[in-house]
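Okay, so here's the structure we're looking at.
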Amino acid sequence: MSDEEVQTLDRPTGSHQPARRAAADRVAAATTAQPTWLGPVLIVGIVLAALNLRPAITSLGALFEETRTGLGMSATVAGLITSVPALCFAVFGVTAPRLSRRFGPAAVVCAGMAAVATGLLIRPFTNGAVGFLAASSLSLAGIALTNVLLPVIVKRYFPDRVGTMTGLYSMALAAGTSLAAAATVPLTAALGGSWRTGLLMWASLAVVAVLLWLPIARAIRSADRAQAAAAAGTGAALRADAGPRVVRSRTAWALACYFGLQATGAYITMGWLPQIFRDAGVSASTAGVLLAVTMVMGVPLAFVIPGLAGRMRNQGAIAVVLGVFGLTGYLGLYFAPAAGAWAWALLLGISNCAFPLVITLIGLRAKSPAGVVKLSAFAQSTGYLISIPGPLLIGALYQHSGGWDLPLALMAGLLVPQIALGVLAGRDRTIEDECGMKD
């Protein structure tokens with residue numbers, strides 16, 4: 001039961017006030033009847049879940065050529081696989097609010113981790129592109145659900161530490177991304193050189209996450225049942241709060257479009273930055289290191305930015321600063337790509353840290369866990385749909401223009417609306433207020 005519902009029970013209504021106050025006390029006691037170990041273990045569980053949100057993608061990227069050859073994929077099928085993550089995040093993320101209301105967010109995160117582990121265990125043993133795509137989609141579905149519900153877990157169990165906890169799991173997500181990208185190839189070589197082994201080893205991390213989330217989900221489920229029984233004992237049934245209608249909120253739309261544009265920039269950077277450097281005369285090995293520098297910047301800043309954003313009433317200034325770093329990086333790539341390569345890689349790495357900012361904003365722009373889950377699903381699903389055409393459009397412009405001038409101009413141009421949307425999303429207001437919902 002939410003604080004608002006407890007307060008509703010606690011309001012004076014004539015002669016019924018003592019009874020209602022006693023009822024509220026019973027519900028509050030049931031709400032706090034959770035094992036003492038749950039808080040610390042939940043923190044570890046959040047970090048482990050976040051570590052598993054990208055290795056399924058970046059480990060495949062590191063071994064994509066070997067996987068294509070091993071499975072006999074055509075170029076068309078290979079292109080389809082590179083577009084599947086954003087599509088799965090959009091499609092399966094929409095189901096998270098309904099599943100969360102039915103089973104609880106912790107149980108759905110546990111199931112999501114199980115889906116990630118199962119998909120990663122199956123796909124190295126497939127013998128064709130169809131089976132590989134199906135197994136990958138299973139893992140991506142689990143990632144999509146967890147993407148949406150981790151902000152809900154943070155809002156519900158750490159309401160006074162939204163910025164800090166968001167920073168912690170954003171840092172873990174960035175670390176998992178970088179680790180899988182950097183370590184997959186050398187670990188594959190050390191384990192015999194098979195791409196199947198190289199992809200399979202990341203399933204172990206997901207299995208560990210499942211083993212930890214099982215007792216977490218069980219404990220939270222028991223506490224929720226005790227809370228529901230206490231509420232039933234008062235004679236007042238718990239209300240199933242579906243949250244606000246997010247499509248009526250300007251802030252929700254600003255967040256969704258901001259999420260989409262920052263995801264577009266991140267996917268373009270990950271997919272095309274090495275090629276930009278190589279076309280400028282930078283060696284292939286150095287271009288790979290430069291991409292690693294860009295990605296690694298997300299690890300420390302993913303912790304710093306949410307904590308800073310959580311202490312501010314208006315987070316628009318952070319969106320502006322991140323956007324200016326990105327504009328400077330793209331202008332540098334336009335005028336002197338090789339001469340200032342390290343600086344541009346660093347600046348673009350900072351700019352790509354708009355992701356932890358927007359995840360923090362999801363937790364700050366809604367008052368209740370029900371609002372957070374709907375806002376998270378809407379912003380991420382809509383945002384990932386927006387991001388799908390970006391890398392494909394950049395590739396088409398590069399192919400038809402024969403150089404990077406036009407693509408880089410478009411990349412820089414996309415940052416202008418991104419900054420404006422970040423300012424709108426960063427305003428101190430909530431979607432409940434915009435939708436006319438009272439406390």
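Residue names in the structure tokens use chain letters A, B, ... in the order shown, residue numbers from 1 in each chain, and ligand numbers from 1 in the order shown.
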Report task. Please give the complete set of residues from stretch 229-424 of chain A that DSSP, run on the backbone, assigns to helix (DSSP H, G or I), formatted as a PyMOL selection string. Result -> chain A and resi 229-233+246-248+250-279+284-296+298-310+316-335+341-351+354-364+369-387+389-401+405-424
Write the selection just made, keeping C-alpha atoms, as a short mmCIF file (atom, residue, chain, number, x, y, z; two decimals), in the first residue's frame?
```
data_model
loop_
_atom_site.label_atom_id
_atom_site.label_comp_id
_atom_site.auth_asym_id
_atom_site.auth_seq_id
_atom_site.Cartn_x
_atom_site.Cartn_y
_atom_site.Cartn_z
CA ALA A 229 -4.00 -9.44 4.20
CA ALA A 230 -3.65 -6.55 6.65
CA ALA A 231 -5.55 -4.29 4.27
CA ALA A 232 -8.29 -6.92 3.89
CA GLY A 233 -8.52 -7.10 7.67
CA VAL A 246 1.20 9.17 -19.44
CA VAL A 247 0.20 10.04 -23.00
CA ARG A 248 -1.51 13.14 -21.60
CA ARG A 250 4.01 16.81 -21.88
CA THR A 251 6.85 15.82 -19.59
CA ALA A 252 6.35 12.14 -20.50
CA TRP A 253 6.55 12.97 -24.21
CA ALA A 254 9.62 15.16 -23.66
CA LEU A 255 11.31 12.32 -21.75
CA ALA A 256 10.40 9.75 -24.42
CA CYS A 257 11.76 11.90 -27.26
CA TYR A 258 14.87 12.83 -25.25
CA PHE A 259 15.44 9.13 -24.56
CA GLY A 260 15.04 8.37 -28.27
CA LEU A 261 17.50 11.01 -29.44
CA GLN A 262 20.16 10.12 -26.86
CA ALA A 263 19.79 6.45 -27.80
CA THR A 264 20.13 7.41 -31.46
CA GLY A 265 23.40 9.21 -30.72
CA ALA A 266 24.70 6.30 -28.65
CA TYR A 267 23.93 3.69 -31.33
CA ILE A 268 25.46 5.87 -34.06
CA THR A 269 28.59 6.34 -31.96
CA MET A 270 28.96 2.64 -31.18
CA GLY A 271 28.28 1.61 -34.77
CA TRP A 272 30.12 4.23 -36.80
CA LEU A 273 32.77 6.03 -34.71
CA PRO A 274 35.59 3.56 -35.51
CA GLN A 275 34.83 3.87 -39.23
CA ILE A 276 34.93 7.67 -39.00
CA PHE A 277 38.39 7.52 -37.46
CA ARG A 278 39.64 4.89 -39.92
CA ASP A 279 38.48 6.95 -42.89
CA ALA A 284 42.08 0.05 -37.07
CA SER A 285 43.56 -0.88 -33.69
CA THR A 286 43.69 2.74 -32.54
CA ALA A 287 40.13 3.32 -33.76
CA GLY A 288 38.99 0.41 -31.58
CA VAL A 289 40.78 1.86 -28.57
CA LEU A 290 39.18 5.24 -29.21
CA LEU A 291 35.73 3.61 -29.17
CA ALA A 292 36.65 1.90 -25.89
CA VAL A 293 37.60 5.30 -24.44
CA THR A 294 34.20 6.66 -25.47
CA MET A 295 32.40 3.74 -23.82
CA VAL A 296 34.50 3.68 -20.65
CA GLY A 298 30.16 6.05 -19.04
CA VAL A 299 31.37 4.07 -16.02
CA PRO A 300 32.35 6.87 -13.60
CA LEU A 301 29.97 9.47 -15.00
CA ALA A 302 27.02 7.07 -14.81
CA PHE A 303 27.44 7.23 -11.03
CA VAL A 304 28.18 10.94 -10.73
CA ILE A 305 25.43 12.35 -12.97
CA PRO A 306 22.39 10.69 -11.30
CA GLY A 307 23.61 11.70 -7.84
CA LEU A 308 24.03 15.28 -9.01
CA ALA A 309 20.66 15.26 -10.77
CA GLY A 310 18.93 13.92 -7.66
CA GLY A 316 17.84 20.87 -17.61
CA ALA A 317 21.29 22.39 -17.10
CA ILE A 318 22.86 18.92 -17.10
CA ALA A 319 21.15 18.12 -20.41
CA VAL A 320 22.52 21.35 -21.89
CA VAL A 321 26.09 20.64 -20.74
CA LEU A 322 26.03 17.07 -22.08
CA GLY A 323 24.64 18.30 -25.40
CA VAL A 324 27.33 20.99 -25.73
CA PHE A 325 30.04 18.35 -25.18
CA GLY A 326 28.48 16.30 -27.98
CA LEU A 327 28.27 19.27 -30.35
CA THR A 328 31.93 20.06 -29.70
CA GLY A 329 32.90 16.45 -30.37
CA TYR A 330 31.02 16.28 -33.68
CA LEU A 331 32.42 19.64 -34.81
CA GLY A 332 35.89 18.34 -34.00
CA LEU A 333 35.27 15.21 -36.07
CA TYR A 334 34.08 17.43 -38.93
CA PHE A 335 37.10 19.76 -39.01
CA ALA A 341 40.87 12.08 -32.17
CA TRP A 342 41.42 11.44 -28.46
CA ALA A 343 39.67 14.66 -27.45
CA TRP A 344 36.67 13.97 -29.68
CA ALA A 345 36.34 10.43 -28.35
CA LEU A 346 36.43 11.78 -24.80
CA LEU A 347 33.84 14.48 -25.47
CA LEU A 348 31.45 12.08 -27.19
CA GLY A 349 31.83 9.65 -24.29
CA ILE A 350 30.72 12.39 -21.90
CA SER A 351 27.82 13.35 -24.16
CA ALA A 354 22.66 11.37 -21.24
CA PHE A 355 21.43 7.79 -20.65
CA PRO A 356 21.92 7.77 -16.85
CA LEU A 357 20.42 11.26 -16.75
CA VAL A 358 17.21 10.22 -18.49
CA ILE A 359 16.90 7.10 -16.31
CA THR A 360 17.19 9.34 -13.24
CA LEU A 361 14.56 11.69 -14.64
CA ILE A 362 12.15 8.76 -14.99
CA GLY A 363 12.37 8.23 -11.24
CA LEU A 364 12.06 11.93 -10.44
CA PRO A 369 5.85 3.40 -8.18
CA ALA A 370 2.77 2.97 -10.40
CA GLY A 371 3.62 6.25 -12.13
CA VAL A 372 7.28 5.29 -12.49
CA VAL A 373 6.53 1.95 -14.14
CA LYS A 374 4.19 3.54 -16.69
CA LEU A 375 6.58 6.42 -17.38
CA SER A 376 9.55 4.06 -17.67
CA ALA A 377 7.73 1.78 -20.10
CA PHE A 378 6.42 4.68 -22.18
CA ALA A 379 9.70 6.61 -22.32
CA GLN A 380 11.87 3.60 -23.09
CA SER A 381 9.55 1.87 -25.57
CA THR A 382 8.81 5.08 -27.48
CA GLY A 383 12.45 6.15 -27.25
CA TYR A 384 13.84 2.91 -28.64
CA LEU A 385 11.39 3.06 -31.54
CA ILE A 386 12.61 6.58 -32.30
CA SER A 387 16.23 5.39 -32.23
CA PRO A 389 16.19 4.64 -38.04
CA GLY A 390 19.19 6.74 -36.91
CA PRO A 391 22.13 4.38 -37.54
CA LEU A 392 20.54 3.16 -40.80
CA LEU A 393 20.08 6.74 -42.03
CA ILE A 394 23.68 7.65 -41.17
CA GLY A 395 24.90 4.60 -43.09
CA ALA A 396 22.80 5.52 -46.13
CA LEU A 397 24.06 9.13 -46.11
CA TYR A 398 27.65 7.90 -45.78
CA GLN A 399 27.24 5.52 -48.71
CA HIS A 400 25.57 7.99 -51.04
CA SER A 401 27.59 11.11 -50.15
CA ASP A 405 30.51 15.68 -43.85
CA LEU A 406 26.76 15.22 -44.30
CA PRO A 407 26.36 12.44 -41.67
CA LEU A 408 28.33 14.45 -39.10
CA ALA A 409 26.21 17.52 -39.80
CA LEU A 410 23.09 15.44 -39.15
CA MET A 411 24.56 14.00 -35.93
CA ALA A 412 25.31 17.49 -34.65
CA GLY A 413 21.90 18.74 -35.78
CA LEU A 414 20.09 16.04 -33.78
CA LEU A 415 21.70 17.33 -30.60
CA VAL A 416 19.82 20.64 -30.88
CA PRO A 417 16.33 19.15 -30.31
CA GLN A 418 17.87 16.73 -27.81
CA ILE A 419 19.07 19.67 -25.69
CA ALA A 420 15.69 21.39 -25.94
CA LEU A 421 13.84 18.23 -24.93
CA GLY A 422 16.25 17.69 -22.02
CA VAL A 423 15.43 21.17 -20.73
CA LEU A 424 11.69 20.41 -20.94
#
```
Query - Nearest to A:Thr177, chosen from A:Ala144, A:Val41, A:Ala366, A:Ala50, with only C-alpha atoms counted in the distances - result: A:Ala50
